[in-house]
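Step one of this worksheet: look at the structure below.
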Amino acid sequence: MAKFIYTVYLPGLQKTVRLTELPYSYFKQLVKIITNDDNKLISSAFDDVIKQHCLDDVSHCNAFDKVLILLTIRAVCVSPVLELVISCPDTKESYNCNVEISDLKTKIENIGTLTNVKTYDLLSLRYDVPRDFYITDDSDTIQTVVRSITINNQTTYDVEPIIDKLPASILRDAKEFLENIEERLTDTELLVFTSPYSASADPIIITANIFNNSILELLKICFKRDLMSIYEHEYFLMNQFRLQHETFDRITPAEISIYINLYKEEVKEREKAEKKENIPLKSY
Amino acid sequence: MSSNVADILKQLDTLNQQSGVAVYIPSLKRTVKFKALNLRQQKNLLKSSVEETLTKLSFITNFYSIVQENILETLNINDLYIFDRIAIAIALRASSIDSKYTIEDNVFDLNDKLKEIPSIAIDIDAITAVVDVQNFTVALEVPRLGVDRDISAIVMNKIRSSQNDDIRTLIGELFVHEIIKFVKTVTFKTETGDTVVEFANIKTEDRLAVIEKFPTLITNQILDFIKRYRELENKFTGLDDNAIEIDGSFFTI
């Protein structure tokens with residue numbers, strides 16, 4: 001049987017890539033990892049989602065291309081709307097916020113290409129947004145932005161074993177590139193939540209700054225779920241419809257939601273009909 | 001490692017050698033070629049600038065390794081003097097990182113300093129001296145790079161492993177080890193003859209034991225010599241009324 005395939009255009013790689021569906025069981029594993037709150041593991045779990053569900057080679061894409069892949073998977077396989085409950089920083093009252101994943105994708109697409117190629121005699125370096133979502137304090141920040149090294153027409157993307165041998169003269173350009181993109185990304189607001197309960201409360205802002213892990217936080221928000229509700233759904237579907245556990249390896253969270261909503265509609269209709277039947281006839 | 005990476009590393013090495021930096025070495029009165037700094041070396045220098053109390057010591061040992069690794073000529077670097085290191089550091093900083101250097105909002109071009117260095121006169125009195133007091137004759141010499149590195153490494157390990165973080169003890173250690181660096185030989189004159197102790201041939205602990213026996217008069221004359229040498233050194237580091245601080249922080253941008 002042909003697999004359902006959908007696509008996303010990646011501005012960094014300048015190509016459209018094909019994606020497969022994220023099964024419910026895979027989604028559950030991801031939610032577990034996010035709940036465990038270890039950023040290093042979460043970051044590699046997102047990388048694994050991409051590796052397992054992208055049919056094309058994206059090994060050289062930058063973090064924003066990867067975010068676009070993940071948001072597309074989120075929109076198609078989980079829900080196109082991000083439903084959030086926000087707590088007002090001043091009054092602590094909660095309010096609901098819905099964000100269209102497509103709006104988020106547009107904001108990321110609008111960041112555009114930040115690549116910069118610098119040539120130093122026979123050596124040429126391509127600087128780009130980092131590939132990783134999770135940048136630690138001890139990360140070699142220069143290494144995170146050097147995407148490829150070309151010397152005498154030979155290019156490698158395997159930067160790590162070479163970076164230390166590069167002339168220190170590249171440092172100024174690398175630092176300048178880092179400062180420029182950090183400034184630009186800090187100015188790019190992806191999510192802004194203003195409390196309806198307090199005019200003085202500072203809005204909650206998530207920017208595109210990859211260097212302070214803002215992007216990883218955004219992804220966590222997009223994929224986070226109450227783990228218990230996942231088990232409840234599974235239990236309900238297995239109990240009510242006798243679904244086999246293996247079924248969850250084949251259907252997406254979005255499809256599970258459709259089944260549950262259909263069931264809810266059905267119950268509602270049934271209750272309505274029962275109510276109608278039980279209305280006593282008026283006697284004149 | 002893929003063959004592509006190995007190949008690129010090889011080509012980078014060739015490129016680094018071809019684009020060598022010509023550095024004027026004051027004690028040799030000629031230029032010597034060095035490879036430019038690479039990122040690892042620059043990072044190590046930066047690391048040495050954050051080790052606060054050990055800043056200078058850590059820089060000395062680090063920079064010694066860089067000189068040894070980057071020199072493109074067969075030359076015993078242990079014969080070079082510590083003022084040669086200043087010339088090398090300025091040249092490598094200017095060519096590998098940036099020739100612009102800022103001190104308190106004043107921007108200097110290090111290339112101007114490099115042009116000036118060959119004309120700095122090196123008076124023999126500023127780099128060697130003999131102190132003759134009572135039964136002692138002490139031959140003094142501005143430290144060579146090898147001596148400076150060895151003593152700095154010893155004092156650095158001593159401070160690192162010491163539980164005592166009293167600032168006076170720390171300064172005391174730095175002070176006596178600085179004096180040791182400048183002593184070349186000590187001759188004890190006795191009725192039966194002279195005993196010459198070559199400091200290069202004895203352990204640091206023994207050197208310390210010897211200088212502890214020095215009368216204050218000798219110590220004061222050694223300090224005078226060090227002071228005279230610092231005046232020479234200032235000619236290499238001076239920029240108008242300011243001075244370049246040659247340590248790890250000099251290599252930050």
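So you can find residues: chains in the structure tokens are A, B, ... in the order shown, residues in each start at 1, and ligands are numbered from 1 in order.
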Excluding same-chain residues fewer than 4 positions from Asp173 in chain A, what lies within 12 Å of it counting only C-alpha atoms, as a PyMOL selection string? (chain A and resi 116-120+124-127+142+145-146+167-169+177-180) or (chain B and resi 97-98+253)
Using N, CA and C atoms, can you export the residues from the last selection as a PDB file, in the first residue's frame?
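Final output, selection.pdb:
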```pdb
ATOM      1  N   ASN A 116      26.431  32.882   4.924  1.00  0.00           N
ATOM      2  CA  ASN A 116      27.434  33.839   4.478  1.00  0.00           C
ATOM      3  C   ASN A 116      28.714  33.066   4.124  1.00  0.00           C
ATOM      4  N   VAL A 117      29.236  33.319   2.961  1.00  0.00           N
ATOM      5  CA  VAL A 117      30.464  32.606   2.567  1.00  0.00           C
ATOM      6  C   VAL A 117      31.639  33.585   2.620  1.00  0.00           C
ATOM      7  N   LYS A 118      32.686  33.174   3.302  1.00  0.00           N
ATOM      8  CA  LYS A 118      33.884  34.024   3.402  1.00  0.00           C
ATOM      9  C   LYS A 118      35.078  33.266   2.846  1.00  0.00           C
ATOM     10  N   THR A 119      35.863  33.978   2.057  1.00  0.00           N
ATOM     11  CA  THR A 119      37.020  33.332   1.451  1.00  0.00           C
ATOM     12  C   THR A 119      38.306  33.952   1.996  1.00  0.00           C
ATOM     13  N   TYR A 120      39.234  33.070   2.350  1.00  0.00           N
ATOM     14  CA  TYR A 120      40.541  33.499   2.857  1.00  0.00           C
ATOM     15  C   TYR A 120      41.583  32.800   1.984  1.00  0.00           C
ATOM     16  N   SER A 124      37.843  28.547   2.072  1.00  0.00           N
ATOM     17  CA  SER A 124      36.550  29.213   2.050  1.00  0.00           C
ATOM     18  C   SER A 124      35.632  28.561   3.090  1.00  0.00           C
ATOM     19  N   LEU A 125      34.954  29.410   3.870  1.00  0.00           N
ATOM     20  CA  LEU A 125      34.073  28.881   4.919  1.00  0.00           C
ATOM     21  C   LEU A 125      32.652  29.345   4.672  1.00  0.00           C
ATOM     22  N   ARG A 126      31.693  28.409   4.878  1.00  0.00           N
ATOM     23  CA  ARG A 126      30.297  28.817   4.774  1.00  0.00           C
ATOM     24  C   ARG A 126      29.742  28.879   6.193  1.00  0.00           C
ATOM     25  N   TYR A 127      29.310  30.086   6.564  1.00  0.00           N
ATOM     26  CA  TYR A 127      28.711  30.274   7.888  1.00  0.00           C
ATOM     27  C   TYR A 127      27.201  30.140   7.748  1.00  0.00           C
ATOM     28  N   ILE A 142      31.777  28.849  17.703  1.00  0.00           N
ATOM     29  CA  ILE A 142      32.320  29.058  16.357  1.00  0.00           C
ATOM     30  C   ILE A 142      32.001  27.823  15.512  1.00  0.00           C
ATOM     31  N   VAL A 145      28.509  27.490  13.950  1.00  0.00           N
ATOM     32  CA  VAL A 145      28.091  28.298  12.800  1.00  0.00           C
ATOM     33  C   VAL A 145      28.914  28.046  11.528  1.00  0.00           C
ATOM     34  N   VAL A 146      29.977  27.270  11.634  1.00  0.00           N
ATOM     35  CA  VAL A 146      30.732  26.937  10.409  1.00  0.00           C
ATOM     36  C   VAL A 146      30.081  25.695   9.800  1.00  0.00           C
ATOM     37  N   PRO A 167      42.897  28.779  10.598  1.00  0.00           N
ATOM     38  CA  PRO A 167      43.645  29.946  11.075  1.00  0.00           C
ATOM     39  C   PRO A 167      42.775  30.823  11.985  1.00  0.00           C
ATOM     40  N   ALA A 168      43.414  31.366  13.018  1.00  0.00           N
ATOM     41  CA  ALA A 168      42.669  32.200  13.969  1.00  0.00           C
ATOM     42  C   ALA A 168      42.111  33.453  13.297  1.00  0.00           C
ATOM     43  N   SER A 169      42.603  33.748  12.095  1.00  0.00           N
ATOM     44  CA  SER A 169      42.135  34.953  11.397  1.00  0.00           C
ATOM     45  C   SER A 169      40.650  34.864  11.023  1.00  0.00           C
ATOM     46  N   PHE A 177      29.610  37.230  12.382  1.00  0.00           N
ATOM     47  CA  PHE A 177      28.447  36.499  11.884  1.00  0.00           C
ATOM     48  C   PHE A 177      27.542  36.096  13.050  1.00  0.00           C
ATOM     49  N   LEU A 178      28.182  35.573  14.094  1.00  0.00           N
ATOM     50  CA  LEU A 178      27.431  35.145  15.282  1.00  0.00           C
ATOM     51  C   LEU A 178      26.637  36.311  15.888  1.00  0.00           C
ATOM     52  N   GLU A 179      27.316  37.448  16.048  1.00  0.00           N
ATOM     53  CA  GLU A 179      26.668  38.619  16.653  1.00  0.00           C
ATOM     54  C   GLU A 179      25.502  39.099  15.789  1.00  0.00           C
ATOM     55  N   ASN A 180      25.731  39.115  14.461  1.00  0.00           N
ATOM     56  CA  ASN A 180      24.675  39.579  13.557  1.00  0.00           C
ATOM     57  C   ASN A 180      23.449  38.691  13.612  1.00  0.00           C
TER      58      ASN A 180
ATOM     59  N   ILE B  97      45.037  37.591  14.201  1.00  0.00           N
ATOM     60  CA  ILE B  97      43.738  37.999  14.765  1.00  0.00           C
ATOM     61  C   ILE B  97      43.329  39.380  14.269  1.00  0.00           C
ATOM     62  N   ASP B  98      44.095  40.374  14.669  1.00  0.00           N
ATOM     63  CA  ASP B  98      43.764  41.736  14.237  1.00  0.00           C
ATOM     64  C   ASP B  98      44.943  42.654  14.550  1.00  0.00           C
ATOM     65  N   ILE B 253      39.319  39.164  20.924  1.00  0.00           N
ATOM     66  CA  ILE B 253      38.870  40.235  20.016  1.00  0.00           C
ATOM     67  C   ILE B 253      37.458  40.661  20.420  1.00  0.00           C
TER      68      ILE B 253
END
```
Please report, as JSON lines, each residue of chain A lying at most 12 Å from chain B, together with the nearest pair of atoms and the separation in Å rounded to one decimal; use only C-alpha atoms, and order rows by chain and ascending residue number.
```
{"residue": "A:Tyr120", "atom": "CA", "partner": "B:Leu15", "partner_atom": "CA", "distance": 10.7}
{"residue": "A:Asp121", "atom": "CA", "partner": "B:Leu15", "partner_atom": "CA", "distance": 9.2}
{"residue": "A:Leu122", "atom": "CA", "partner": "B:Leu15", "partner_atom": "CA", "distance": 8.0}
{"residue": "A:Leu123", "atom": "CA", "partner": "B:Leu12", "partner_atom": "CA", "distance": 8.2}
{"residue": "A:Ser124", "atom": "CA", "partner": "B:Leu12", "partner_atom": "CA", "distance": 11.3}
{"residue": "A:Asp140", "atom": "CA", "partner": "B:Lys43", "partner_atom": "CA", "distance": 10.0}
{"residue": "A:Thr141", "atom": "CA", "partner": "B:Lys43", "partner_atom": "CA", "distance": 11.8}
{"residue": "A:Ile142", "atom": "CA", "partner": "B:Leu39", "partner_atom": "CA", "distance": 9.5}
{"residue": "A:Gln143", "atom": "CA", "partner": "B:Leu39", "partner_atom": "CA", "distance": 10.3}
{"residue": "A:Ser148", "atom": "CA", "partner": "B:Val5", "partner_atom": "CA", "distance": 11.2}
{"residue": "A:Ile149", "atom": "CA", "partner": "B:Ile8", "partner_atom": "CA", "distance": 8.6}
{"residue": "A:Thr150", "atom": "CA", "partner": "B:Ile8", "partner_atom": "CA", "distance": 8.0}
{"residue": "A:Ile151", "atom": "CA", "partner": "B:Ile8", "partner_atom": "CA", "distance": 6.6}
{"residue": "A:Asn152", "atom": "CA", "partner": "B:Gln11", "partner_atom": "CA", "distance": 8.1}
{"residue": "A:Asn153", "atom": "CA", "partner": "B:Ile8", "partner_atom": "CA", "distance": 10.0}
{"residue": "A:Gln154", "atom": "CA", "partner": "B:Ile8", "partner_atom": "CA", "distance": 7.2}
{"residue": "A:Thr155", "atom": "CA", "partner": "B:Asn4", "partner_atom": "CA", "distance": 7.9}
{"residue": "A:Thr156", "atom": "CA", "partner": "B:Val5", "partner_atom": "CA", "distance": 6.7}
{"residue": "A:Tyr157", "atom": "CA", "partner": "B:Val5", "partner_atom": "CA", "distance": 9.0}
{"residue": "A:Asp158", "atom": "CA", "partner": "B:Val5", "partner_atom": "CA", "distance": 7.1}
{"residue": "A:Val159", "atom": "CA", "partner": "B:Val5", "partner_atom": "CA", "distance": 8.5}
{"residue": "A:Glu160", "atom": "CA", "partner": "B:Val5", "partner_atom": "CA", "distance": 9.7}
{"residue": "A:Pro161", "atom": "CA", "partner": "B:Val5", "partner_atom": "CA", "distance": 7.6}
{"residue": "A:Ile162", "atom": "CA", "partner": "B:Leu9", "partner_atom": "CA", "distance": 6.4}
{"residue": "A:Ile163", "atom": "CA", "partner": "B:Leu39", "partner_atom": "CA", "distance": 7.1}
{"residue": "A:Asp164", "atom": "CA", "partner": "B:Arg40", "partner_atom": "CA", "distance": 4.5}
{"residue": "A:Lys165", "atom": "CA", "partner": "B:Asn38", "partner_atom": "CA", "distance": 5.5}
{"residue": "A:Leu166", "atom": "CA", "partner": "B:Asn38", "partner_atom": "CA", "distance": 5.4}
{"residue": "A:Pro167", "atom": "CA", "partner": "B:Asn38", "partner_atom": "CA", "distance": 4.1}
{"residue": "A:Ala168", "atom": "CA", "partner": "B:Asn38", "partner_atom": "CA", "distance": 4.5}
{"residue": "A:Ser169", "atom": "CA", "partner": "B:Ser96", "partner_atom": "CA", "distance": 4.7}
{"residue": "A:Ile170", "atom": "CA", "partner": "B:Ile97", "partner_atom": "CA", "distance": 7.9}
{"residue": "A:Leu171", "atom": "CA", "partner": "B:Ile97", "partner_atom": "CA", "distance": 7.1}
{"residue": "A:Arg172", "atom": "CA", "partner": "B:Ile97", "partner_atom": "CA", "distance": 7.1}
{"residue": "A:Asp173", "atom": "CA", "partner": "B:Ile97", "partner_atom": "CA", "distance": 10.3}
{"residue": "A:Ala174", "atom": "CA", "partner": "B:Leu39", "partner_atom": "CA", "distance": 11.2}
{"residue": "A:Lys175", "atom": "CA", "partner": "B:Ile253", "partner_atom": "CA", "distance": 8.8}
{"residue": "A:Glu176", "atom": "CA", "partner": "B:Ile253", "partner_atom": "CA", "distance": 10.5}
```
Can you pull out every residue within 10 Å of Phe46 in chain A, counting only C-alpha atoms, but drop anything in the same chain fewer than 4 positions away, and send it as a tab-separated table (two decimals) with C-alpha atoms, in the first residue's frame?
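Now in selection_12.tsv:
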```tsv
chain	number	residue	atom	x	y	z
A	30	LEU	CA	8.55	11.90	22.30
A	33	ILE	CA	11.19	12.38	26.67
A	34	ILE	CA	9.88	15.97	26.80
A	41	LEU	CA	17.92	14.10	25.11
A	42	ILE	CA	14.97	16.16	23.88
A	50	ILE	CA	13.38	14.08	11.46
A	51	LYS	CA	15.66	11.19	10.60
A	52	GLN	CA	12.82	8.66	10.81
A	66	LYS	CA	14.62	21.33	10.98
A	67	VAL	CA	12.03	23.40	12.89
A	70	LEU	CA	8.94	19.40	12.83
A	133	PHE	CA	18.56	23.23	18.69
A	216	LEU	CA	14.06	24.23	21.69
A	219	LEU	CA	9.42	22.85	19.98
A	220	LYS	CA	8.80	21.53	23.47
A	223	PHE	CA	4.89	18.71	21.17
```
List the neighbours of Glu178 in chain B out to 12 Å using only C-alpha atoms; skip same-chain residues closer than 3 positions along the sequence, and give me the result as a ChimeraX atom specification. /B:56-57,142-143,147-152,154-155,171-175,181-183,204,207-208,211,219,222-223,226
Same residues, N, CA and C atoms, output as an mmCIF file, in the first residue's frame:
```cif
data_model
loop_
_atom_site.group_PDB
_atom_site.id
_atom_site.type_symbol
_atom_site.label_atom_id
_atom_site.label_comp_id
_atom_site.auth_asym_id
_atom_site.auth_seq_id
_atom_site.Cartn_x
_atom_site.Cartn_y
_atom_site.Cartn_z
ATOM 1 N N LYS B 56 49.352 35.052 33.956
ATOM 2 C CA LYS B 56 50.630 35.241 33.273
ATOM 3 C C LYS B 56 51.390 33.912 33.162
ATOM 4 N N LEU B 57 51.370 33.129 34.247
ATOM 5 C CA LEU B 57 52.112 31.864 34.259
ATOM 6 C C LEU B 57 51.549 30.912 33.219
ATOM 7 N N VAL B 142 68.725 38.079 31.643
ATOM 8 C CA VAL B 142 67.281 38.092 31.355
ATOM 9 C C VAL B 142 66.883 36.656 31.003
ATOM 10 N N PRO B 143 65.762 36.161 31.558
ATOM 11 C CA PRO B 143 65.408 34.761 31.330
ATOM 12 C C PRO B 143 65.242 34.421 29.850
ATOM 13 N N VAL B 147 63.831 28.701 30.325
ATOM 14 C CA VAL B 147 63.892 28.904 31.782
ATOM 15 C C VAL B 147 62.569 29.473 32.272
ATOM 16 N N ASP B 148 62.092 30.479 31.556
ATOM 17 C CA ASP B 148 60.848 31.147 31.951
ATOM 18 C C ASP B 148 59.686 30.144 31.981
ATOM 19 N N ARG B 149 59.629 29.296 30.953
ATOM 20 C CA ARG B 149 58.555 28.296 30.876
ATOM 21 C C ARG B 149 58.679 27.290 32.037
ATOM 22 N N ASP B 150 59.904 26.778 32.262
ATOM 23 C CA ASP B 150 60.106 25.750 33.296
ATOM 24 C C ASP B 150 59.715 26.273 34.681
ATOM 25 N N ILE B 151 60.226 27.437 35.027
ATOM 26 C CA ILE B 151 59.952 27.983 36.367
ATOM 27 C C ILE B 151 58.464 28.331 36.497
ATOM 28 N N SER B 152 57.900 28.888 35.431
ATOM 29 C CA SER B 152 56.471 29.265 35.485
ATOM 30 C C SER B 152 55.602 28.025 35.689
ATOM 31 N N ILE B 154 56.470 25.269 37.153
ATOM 32 C CA ILE B 154 56.653 24.767 38.530
ATOM 33 C C ILE B 154 55.827 25.588 39.518
ATOM 34 N N VAL B 155 55.931 26.914 39.388
ATOM 35 C CA VAL B 155 55.210 27.762 40.345
ATOM 36 C C VAL B 155 53.683 27.641 40.135
ATOM 37 N N ILE B 171 51.893 35.939 46.541
ATOM 38 C CA ILE B 171 52.817 36.965 46.036
ATOM 39 C C ILE B 171 54.255 36.579 46.373
ATOM 40 N N GLY B 172 54.447 36.050 47.571
ATOM 41 C CA GLY B 172 55.771 35.611 48.004
ATOM 42 C C GLY B 172 56.337 34.564 47.056
ATOM 43 N N GLU B 173 55.502 33.593 46.728
ATOM 44 C CA GLU B 173 55.932 32.516 45.802
ATOM 45 C C GLU B 173 56.316 33.101 44.442
ATOM 46 N N LEU B 174 55.455 33.984 43.937
ATOM 47 C CA LEU B 174 55.708 34.590 42.627
ATOM 48 C C LEU B 174 57.010 35.382 42.653
ATOM 49 N N PHE B 175 57.232 36.093 43.757
ATOM 50 C CA PHE B 175 58.405 36.952 43.893
ATOM 51 C C PHE B 175 59.709 36.142 43.856
ATOM 52 N N LYS B 181 64.448 33.168 38.120
ATOM 53 C CA LYS B 181 64.521 33.200 36.654
ATOM 54 C C LYS B 181 65.699 34.035 36.149
ATOM 55 N N PHE B 182 66.061 35.067 36.918
ATOM 56 C CA PHE B 182 67.094 35.999 36.459
ATOM 57 C C PHE B 182 68.512 35.603 36.884
ATOM 58 N N VAL B 183 68.618 34.601 37.729
ATOM 59 C CA VAL B 183 69.949 34.203 38.210
ATOM 60 C C VAL B 183 70.517 33.123 37.293
ATOM 61 N N THR B 204 64.852 23.306 41.173
ATOM 62 C CA THR B 204 64.257 24.573 41.610
ATOM 63 C C THR B 204 64.337 24.721 43.125
ATOM 64 N N ARG B 207 67.658 25.859 43.981
ATOM 65 C CA ARG B 207 67.835 27.276 43.601
ATOM 66 C C ARG B 207 67.228 28.173 44.685
ATOM 67 N N LEU B 208 66.037 27.739 45.153
ATOM 68 C CA LEU B 208 65.361 28.518 46.197
ATOM 69 C C LEU B 208 66.214 28.563 47.460
ATOM 70 N N ILE B 211 69.077 31.088 46.963
ATOM 71 C CA ILE B 211 68.759 32.534 47.022
ATOM 72 C C ILE B 211 68.280 32.971 48.411
ATOM 73 N N THR B 219 69.923 40.726 46.940
ATOM 74 C CA THR B 219 68.526 40.715 46.476
ATOM 75 C C THR B 219 68.164 42.086 45.901
ATOM 76 N N ILE B 222 69.670 42.531 42.524
ATOM 77 C CA ILE B 222 68.949 41.723 41.514
ATOM 78 C C ILE B 222 67.672 42.472 41.118
ATOM 79 N N LEU B 223 66.990 43.027 42.136
ATOM 80 C CA LEU B 223 65.749 43.768 41.841
ATOM 81 C C LEU B 223 66.039 44.991 40.974
ATOM 82 N N ILE B 226 66.394 43.710 37.514
ATOM 83 C CA ILE B 226 65.067 43.388 36.942
ATOM 84 C C ILE B 226 64.355 44.683 36.533
#
```
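Residues within 7 Å of Ala139 in chain B, counting only C-alpha atoms and excluding same-chain residues fewer than 3 positions away, are B:Ala129, B:Val130, B:Val131, B:Val183, B:Lys184, B:Thr185, B:Val186.
Taking CA of Arg230 in chain B and CA of Ile180 in chain B as endpoints, the distance between them is 15.9 Å.
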Where in range 9-235 of chain B does DSSP assign helix (DSSP H, G or I), given as number ranges by chain? B: 9-18, 39-50, 52-70, 77-79, 82-96, 110-119, 124-127, 145-161, 167-182, 199-201, 204-212, 216-235
Now that the selection is made, can you save its residues with C-alpha atoms as a tab-separated table (two decimals), in the first residue's frame?
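File written: part_13.tsv
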```tsv
chain	number	residue	atom	x	y	z
B	9	LEU	CA	43.75	18.78	7.10
B	10	LYS	CA	46.86	18.09	5.06
B	11	GLN	CA	46.10	20.98	2.73
B	12	LEU	CA	45.44	23.27	5.67
B	13	ASP	CA	48.86	22.40	7.07
B	14	THR	CA	50.49	23.24	3.76
B	15	LEU	CA	48.52	26.47	3.57
B	16	ASN	CA	49.55	27.43	7.12
B	17	GLN	CA	53.20	26.88	6.27
B	18	GLN	CA	53.01	28.78	3.01
B	39	LEU	CA	41.82	28.43	16.43
B	40	ARG	CA	42.91	25.83	18.99
B	41	GLN	CA	45.93	27.93	19.97
B	42	GLN	CA	43.81	31.04	20.19
B	43	LYS	CA	41.28	29.22	22.39
B	44	ASN	CA	44.05	27.96	24.69
B	45	LEU	CA	45.37	31.50	25.03
B	46	LEU	CA	41.89	32.70	25.94
B	47	LYS	CA	41.60	29.96	28.52
B	48	SER	CA	44.81	31.13	30.12
B	49	SER	CA	43.35	34.62	30.40
B	50	VAL	CA	40.50	33.41	32.60
B	52	GLU	CA	42.92	34.91	37.10
B	53	THR	CA	45.85	34.51	39.53
B	54	LEU	CA	47.67	32.17	37.18
B	55	THR	CA	47.05	34.33	34.12
B	56	LYS	CA	50.63	35.24	33.27
B	57	LEU	CA	52.11	31.86	34.26
B	58	SER	CA	49.57	29.96	32.24
B	59	PHE	CA	50.13	32.28	29.29
B	60	ILE	CA	53.91	31.78	29.46
B	61	THR	CA	53.63	27.98	29.31
B	62	ASN	CA	50.94	28.11	26.64
B	63	PHE	CA	52.76	30.56	24.44
B	64	TYR	CA	55.99	28.57	24.73
B	65	SER	CA	54.18	25.59	23.15
B	66	ILE	CA	52.84	27.85	20.41
B	67	VAL	CA	56.29	29.23	19.58
B	68	GLN	CA	57.67	25.69	19.48
B	69	GLU	CA	54.80	24.43	17.32
B	70	ASN	CA	54.67	27.36	14.91
B	77	ILE	CA	63.70	28.38	21.07
B	78	ASN	CA	65.18	27.89	24.56
B	79	ASP	CA	67.92	30.30	23.49
B	82	ILE	CA	61.61	36.79	27.03
B	83	PHE	CA	61.65	40.11	25.16
B	84	ASP	CA	61.73	38.09	21.93
B	85	ARG	CA	58.44	36.60	23.05
B	86	ILE	CA	56.91	40.09	23.07
B	87	ALA	CA	57.91	40.61	19.45
B	88	ILE	CA	56.55	37.19	18.48
B	89	ALA	CA	53.28	37.72	20.38
B	90	ILE	CA	52.64	41.12	18.79
B	91	ALA	CA	53.41	39.81	15.30
B	92	LEU	CA	51.19	36.73	15.68
B	93	ARG	CA	48.37	38.79	17.18
B	94	ALA	CA	48.57	41.35	14.36
B	95	SER	CA	48.70	38.82	11.55
B	96	SER	CA	46.45	36.08	12.94
B	110	LEU	CA	50.20	46.92	16.07
B	111	ASN	CA	51.98	47.01	12.70
B	112	ASP	CA	53.39	50.41	13.69
B	113	LYS	CA	54.85	48.81	16.81
B	114	LEU	CA	56.27	45.95	14.76
B	115	LYS	CA	58.01	48.45	12.46
B	116	GLU	CA	59.54	50.13	15.51
B	117	ILE	CA	60.86	46.96	17.20
B	118	PRO	CA	64.02	46.44	15.00
B	119	SER	CA	65.26	49.88	15.98
B	124	ILE	CA	74.03	44.47	27.10
B	125	ASP	CA	73.74	45.97	30.61
B	126	ALA	CA	70.02	45.56	30.42
B	127	ILE	CA	70.21	41.87	29.69
B	145	LEU	CA	62.14	31.23	27.01
B	146	GLY	CA	62.99	27.73	28.28
B	147	VAL	CA	63.89	28.90	31.78
B	148	ASP	CA	60.85	31.15	31.95
B	149	ARG	CA	58.55	28.30	30.88
B	150	ASP	CA	60.11	25.75	33.30
B	151	ILE	CA	59.95	27.98	36.37
B	152	SER	CA	56.47	29.27	35.49
B	153	ALA	CA	55.19	25.69	35.13
B	154	ILE	CA	56.65	24.77	38.53
B	155	VAL	CA	55.21	27.76	40.35
B	156	MET	CA	51.86	27.29	38.58
B	157	ASN	CA	51.60	23.68	39.78
B	158	LYS	CA	52.67	24.74	43.23
B	159	ILE	CA	49.94	27.38	43.44
B	160	ARG	CA	47.30	25.09	41.94
B	161	SER	CA	48.00	22.30	44.40
B	167	ILE	CA	47.41	36.40	48.81
B	168	ARG	CA	50.65	37.21	50.67
B	169	THR	CA	51.87	33.63	50.32
B	170	LEU	CA	50.95	33.72	46.66
B	171	ILE	CA	52.82	36.96	46.04
B	172	GLY	CA	55.77	35.61	48.00
B	173	GLU	CA	55.93	32.52	45.80
B	174	LEU	CA	55.71	34.59	42.63
B	175	PHE	CA	58.40	36.95	43.89
B	176	VAL	CA	61.06	34.36	44.74
B	177	HIS	CA	60.45	32.41	41.56
B	178	GLU	CA	60.75	35.60	39.52
B	179	ILE	CA	64.17	36.23	41.10
B	180	ILE	CA	65.28	32.66	40.33
B	181	LYS	CA	64.52	33.20	36.65
B	182	PHE	CA	67.09	36.00	36.46
B	199	PHE	CA	71.32	27.45	38.12
B	200	ALA	CA	70.30	25.67	34.94
B	201	ASN	CA	71.83	22.46	36.31
B	204	THR	CA	64.26	24.57	41.61
B	205	GLU	CA	64.12	23.69	45.29
B	206	ASP	CA	67.93	23.96	45.46
B	207	ARG	CA	67.84	27.28	43.60
B	208	LEU	CA	65.36	28.52	46.20
B	209	ALA	CA	67.63	27.32	49.00
B	210	VAL	CA	70.54	29.23	47.46
B	211	ILE	CA	68.76	32.53	47.02
B	212	GLU	CA	67.41	32.35	50.55
B	216	THR	CA	69.58	41.65	51.28
B	217	LEU	CA	72.16	43.68	49.39
B	218	ILE	CA	72.30	41.03	46.64
B	219	THR	CA	68.53	40.71	46.48
B	220	ASN	CA	68.26	44.50	46.11
B	221	GLN	CA	70.80	44.54	43.29
B	222	ILE	CA	68.95	41.72	41.51
B	223	LEU	CA	65.75	43.77	41.84
B	224	ASP	CA	67.56	46.78	40.38
B	225	PHE	CA	68.63	44.65	37.43
B	226	ILE	CA	65.07	43.39	36.94
B	227	LYS	CA	63.90	47.00	37.06
B	228	ARG	CA	66.43	47.97	34.39
B	229	TYR	CA	65.28	45.10	32.26
B	230	ARG	CA	61.61	46.12	32.66
B	231	GLU	CA	62.55	49.50	31.25
B	232	LEU	CA	63.87	47.75	28.15
B	233	GLU	CA	60.74	45.59	28.03
B	234	ASN	CA	58.58	48.72	28.19
B	235	LYS	CA	60.14	49.84	24.93
```
Quick one: residues within 12 Å of His245 in chain A, only C-alpha atoms counted, chain neighbours fewer than 3 positions away excluded, as a PyMOL selection string? chain A and resi 24-25+231+233-239+241-242+248-251
Taking the backbone alone, and naming residues the way the document does, which bits of range 30-212 of chain A are strand (DSSP E or B) by DSSP, as number ranges by chain? A: 54, 81-87, 94-100, 116-120, 123-127, 146-151, 154-156, 167, 189-193, 204-207
All residues 10 Å or closer to Lys15 in chain A, only C-alpha atoms, same chain fewer than 4 positions away omitted, as a PyMOL selection string: chain A and resi 8-11+56+58
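The coordinates place CA of Tyr263 in chain A at 14.0 Å from CA of Leu243 in chain A.
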CA of Thr207 in chain A to CA of Glu189 in chain A: how many Å, to one decimal? 4.3 Å
